[in-house]
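Scroll down for the structure; my scribbles are underneath it.
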Amino acid sequence: MLTASQLIRKACLQYCLDHETDDDDLGNFCGPFETIEQIDAMEREVDDHCCDLLQEAKSELRCGTHETGLRCETSRHYESKTVAMQIDGQWVGWTYWYGGGKFGDPQAIDWIEDAVLLDAVEETRVVLVFSERG
């Protein structure tokens, strides 16, 4: 079973394969990458031949697909929130750092290694909405 950070690395590699162009040279690597050894080998291949694509993948996935509302790390230099994404049927969450002003660089913070596996339950909720008559 892969850890949360390994699942994110796998999702980044899948992003690279899905967005590969003629300028990228990923060779014959098209998967599968189900073990950490396969993920490491593919990551080395992508890093050697199209490092920009790997950085783009990390940047695209960094904001996640859902805000969780869970507690997360804080900093006096950046804003933060916990986000999550479903990868291979498992929910993975991490701290999304943003803000920091003109000289801030929140995307430089390593977010992948601090990722955790999450449980998620889908609920239906009734919401009362008011509007004025007339």
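Naming scheme: A, B, ... for chains in displayed order of the structure tokens; residues 1 onward per chain; ligands 1 onward as shown.
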
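Residues in contact with range 100-113 of chain A at 6 Å, where only C-alpha atoms are counted and same-chain residues fewer than 4 positions away are skipped, are listed as Ser5, His77 and Tyr78 of chain A.
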
- Write out as number ranges by chain the residues lying within 9 Å of range 48-62 of chain A, counting only C-alpha atoms and excluding same-chain residues fewer than 3 positions away. A: 8-9, 11-16, 19-20, 23-27, 43-45, 65, 83, 85, 94-97, 107, 111-112

Keeping only C-alpha atoms, write those residues as a short mmCIF file (atom, residue, chain, number, x, y, z; two decimals), in the first residue's frame.
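Output (again-v8.cif):
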```
data_model
loop_
_atom_site.label_atom_id
_atom_site.label_comp_id
_atom_site.auth_asym_id
_atom_site.auth_seq_id
_atom_site.Cartn_x
_atom_site.Cartn_y
_atom_site.Cartn_z
CA ILE A 8 0.72 12.31 -4.77
CA ARG A 9 3.96 11.52 -6.60
CA ALA A 11 -0.65 11.49 -9.48
CA CYS A 12 2.06 13.93 -10.60
CA LEU A 13 3.52 11.28 -12.89
CA GLN A 14 0.10 10.53 -14.33
CA TYR A 15 -0.34 14.26 -14.97
CA CYS A 16 2.97 14.26 -16.87
CA HIS A 19 0.07 16.27 -20.69
CA GLU A 20 3.14 15.01 -22.54
CA ASP A 23 8.86 18.14 -27.08
CA ASP A 24 8.81 15.87 -24.03
CA ASP A 25 10.70 12.61 -24.21
CA LEU A 26 9.36 10.17 -21.64
CA GLY A 27 10.52 7.20 -23.67
CA GLU A 43 10.08 10.03 -11.52
CA ARG A 44 13.80 9.85 -12.42
CA GLU A 45 12.89 9.45 -16.09
CA THR A 65 -9.72 19.50 -5.41
CA VAL A 83 -6.99 20.58 0.93
CA MET A 85 -7.72 15.05 -3.54
CA TRP A 94 -2.09 18.33 2.82
CA THR A 95 -1.53 21.93 3.80
CA TYR A 96 -1.95 24.37 0.93
CA TRP A 97 0.22 27.44 1.48
CA GLN A 107 4.92 27.09 -3.73
CA TRP A 111 3.87 20.00 0.80
CA ILE A 112 4.12 16.47 -0.60
#
```

Which residues are near range 31-35 of chain A? Cut-off 8 Å, only C-alpha atoms, ignore same chain within fewer than 6 positions. Put them as a compact mmCIF listing (two decimals) with N, CA and C atoms, in the first residue's frame.
```txt
# COMPACT_ATOMS: atom_id res chain seq x y z
N LEU A 2 0.57 2.20 -0.85
CA LEU A 2 1.36 3.41 -0.97
C LEU A 2 0.99 4.41 0.12
N LYS A 10 2.65 9.71 -7.53
CA LYS A 10 2.06 8.93 -8.61
C LYS A 10 1.09 9.79 -9.43
N MET A 42 10.12 6.01 -12.67
CA MET A 42 9.41 6.91 -13.58
C MET A 42 9.70 8.36 -13.23
```

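For Val92 in chain A, the set of protein, DNA and RNA residues having any atom at most 7 Å away, when counting only C-alpha atoms and skipping those fewer than 3 positions along the same chain, is Ala4, Ala84, Met85, Gln86, Ala115, Val116, Leu117 and Leu118 of chain A.
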
- Task: Using backbone DSSP assignments, extract all strand (DSSP E) residues from chain A; output them as an MDAnalysis selection string.
- Result: chainID A and resid 66:67 79:87 90:98 116:118

- Message: Considering only helix (DSSP H, G or I) as DSSP defines it on the backbone, what residues of chain A qualify? List them as a PyMOL selection string.
- Response: chain A and resi 4-18+36-49+51-61+106-108

Generate the output file for the selected residues, N, CA and C atoms, as a compact mmCIF listing (two decimals), in the first residue's frame.
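The new file out-v8.txt reads:
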```txt
# COMPACT_ATOMS: atom_id res chain seq x y z
N ALA A 4 0.66 8.44 1.58
CA ALA A 4 0.03 9.64 1.02
C ALA A 4 0.97 10.36 0.05
N SER A 5 2.22 10.55 0.45
CA SER A 5 3.17 11.26 -0.43
C SER A 5 3.47 10.45 -1.69
N GLN A 6 3.51 9.13 -1.58
CA GLN A 6 3.73 8.31 -2.77
C GLN A 6 2.54 8.38 -3.72
N LEU A 7 1.34 8.46 -3.18
CA LEU A 7 0.16 8.62 -4.03
C LEU A 7 0.18 9.95 -4.78
N ILE A 8 0.63 11.02 -4.11
CA ILE A 8 0.72 12.31 -4.77
C ILE A 8 1.78 12.26 -5.87
N ARG A 9 2.91 11.65 -5.58
CA ARG A 9 3.96 11.52 -6.60
C ARG A 9 3.43 10.74 -7.80
N LYS A 10 2.65 9.71 -7.53
CA LYS A 10 2.06 8.93 -8.61
C LYS A 10 1.09 9.79 -9.43
N ALA A 11 0.28 10.61 -8.77
CA ALA A 11 -0.65 11.49 -9.48
C ALA A 11 0.11 12.51 -10.33
N CYS A 12 1.23 13.01 -9.82
CA CYS A 12 2.06 13.93 -10.60
C CYS A 12 2.59 13.25 -11.86
N LEU A 13 3.02 12.02 -11.73
CA LEU A 13 3.52 11.28 -12.89
C LEU A 13 2.41 11.04 -13.91
N GLN A 14 1.22 10.73 -13.42
CA GLN A 14 0.10 10.53 -14.33
C GLN A 14 -0.22 11.83 -15.06
N TYR A 15 -0.14 12.95 -14.35
CA TYR A 15 -0.34 14.26 -14.97
C TYR A 15 0.67 14.46 -16.11
N CYS A 16 1.92 14.12 -15.85
CA CYS A 16 2.97 14.26 -16.87
C CYS A 16 2.65 13.42 -18.10
N LEU A 17 2.23 12.19 -17.90
CA LEU A 17 1.89 11.33 -19.03
C LEU A 17 0.68 11.87 -19.79
N ASP A 18 -0.29 12.40 -19.06
CA ASP A 18 -1.50 12.93 -19.70
C ASP A 18 -1.23 14.22 -20.47
N ILE A 36 6.55 1.52 -5.16
CA ILE A 36 7.43 2.66 -4.95
C ILE A 36 8.64 2.59 -5.88
N GLU A 37 9.10 1.40 -6.20
CA GLU A 37 10.23 1.27 -7.11
C GLU A 37 9.87 1.77 -8.50
N GLN A 38 8.67 1.42 -8.97
CA GLN A 38 8.21 1.89 -10.28
C GLN A 38 8.00 3.40 -10.29
N ILE A 39 7.47 3.94 -9.20
CA ILE A 39 7.28 5.39 -9.09
C ILE A 39 8.62 6.11 -9.10
N ASP A 40 9.60 5.59 -8.33
CA ASP A 40 10.93 6.20 -8.31
C ASP A 40 11.58 6.19 -9.69
N ALA A 41 11.48 5.06 -10.39
CA ALA A 41 12.08 4.94 -11.72
C ALA A 41 11.43 5.92 -12.70
N MET A 42 10.12 6.01 -12.67
CA MET A 42 9.41 6.91 -13.58
C MET A 42 9.70 8.36 -13.23
N GLU A 43 9.79 8.66 -11.94
CA GLU A 43 10.08 10.03 -11.52
C GLU A 43 11.47 10.46 -11.99
N ARG A 44 12.45 9.56 -11.91
CA ARG A 44 13.80 9.85 -12.42
C ARG A 44 13.77 10.11 -13.92
N GLU A 45 13.00 9.29 -14.64
CA GLU A 45 12.89 9.45 -16.09
C GLU A 45 12.26 10.79 -16.45
N VAL A 46 11.19 11.14 -15.79
CA VAL A 46 10.51 12.41 -16.07
C VAL A 46 11.42 13.57 -15.68
N ASP A 47 12.08 13.47 -14.54
CA ASP A 47 12.96 14.54 -14.07
C ASP A 47 14.13 14.75 -15.02
N ASP A 48 14.65 13.66 -15.59
CA ASP A 48 15.78 13.76 -16.53
C ASP A 48 15.37 14.38 -17.86
N HIS A 49 14.17 14.08 -18.34
CA HIS A 49 13.80 14.47 -19.69
C HIS A 49 12.84 15.65 -19.79
N CYS A 51 11.79 18.04 -16.81
CA CYS A 51 11.66 18.54 -15.43
C CYS A 51 10.57 19.61 -15.32
N ASP A 52 10.44 20.45 -16.36
CA ASP A 52 9.43 21.50 -16.33
C ASP A 52 8.03 20.92 -16.22
N LEU A 53 7.79 19.80 -16.90
CA LEU A 53 6.48 19.17 -16.86
C LEU A 53 6.19 18.63 -15.47
N LEU A 54 7.20 18.09 -14.81
CA LEU A 54 7.01 17.59 -13.45
C LEU A 54 6.71 18.74 -12.49
N GLN A 55 7.39 19.87 -12.64
CA GLN A 55 7.11 21.04 -11.81
C GLN A 55 5.70 21.57 -12.08
N GLU A 56 5.27 21.54 -13.33
CA GLU A 56 3.92 21.96 -13.68
C GLU A 56 2.89 21.06 -13.01
N ALA A 57 3.16 19.76 -13.01
CA ALA A 57 2.25 18.80 -12.38
C ALA A 57 2.11 19.10 -10.89
N LYS A 58 3.24 19.32 -10.21
CA LYS A 58 3.19 19.61 -8.77
C LYS A 58 2.44 20.90 -8.51
N SER A 59 2.65 21.89 -9.36
CA SER A 59 1.97 23.17 -9.21
C SER A 59 0.46 23.03 -9.41
N GLU A 60 0.06 22.23 -10.39
CA GLU A 60 -1.36 22.03 -10.68
C GLU A 60 -2.06 21.26 -9.56
N LEU A 61 -1.40 20.26 -9.01
CA LEU A 61 -2.03 19.42 -7.98
C LEU A 61 -1.98 20.05 -6.59
N PRO A 106 5.17 30.77 -1.61
CA PRO A 106 4.58 29.63 -0.90
C PRO A 106 4.70 28.31 -1.65
N GLN A 107 4.80 28.34 -2.99
CA GLN A 107 4.92 27.09 -3.73
C GLN A 107 6.27 26.41 -3.51
N ALA A 108 7.22 27.11 -2.89
CA ALA A 108 8.52 26.50 -2.60
C ALA A 108 8.47 25.61 -1.35
```

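Minimum distance to Ala120 in chain A across A:Tyr98, A:Arg133, A:Trp91, A:Arg76 (counting only C-alpha atoms) occurs at A:Trp91.
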
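For the set A:Ser131, A:Thr82, A:Arg125, A:Gly89, the residue with the smallest atom-to-atom gap to His66 in chain A is A:Thr82, counting only C-alpha atoms.
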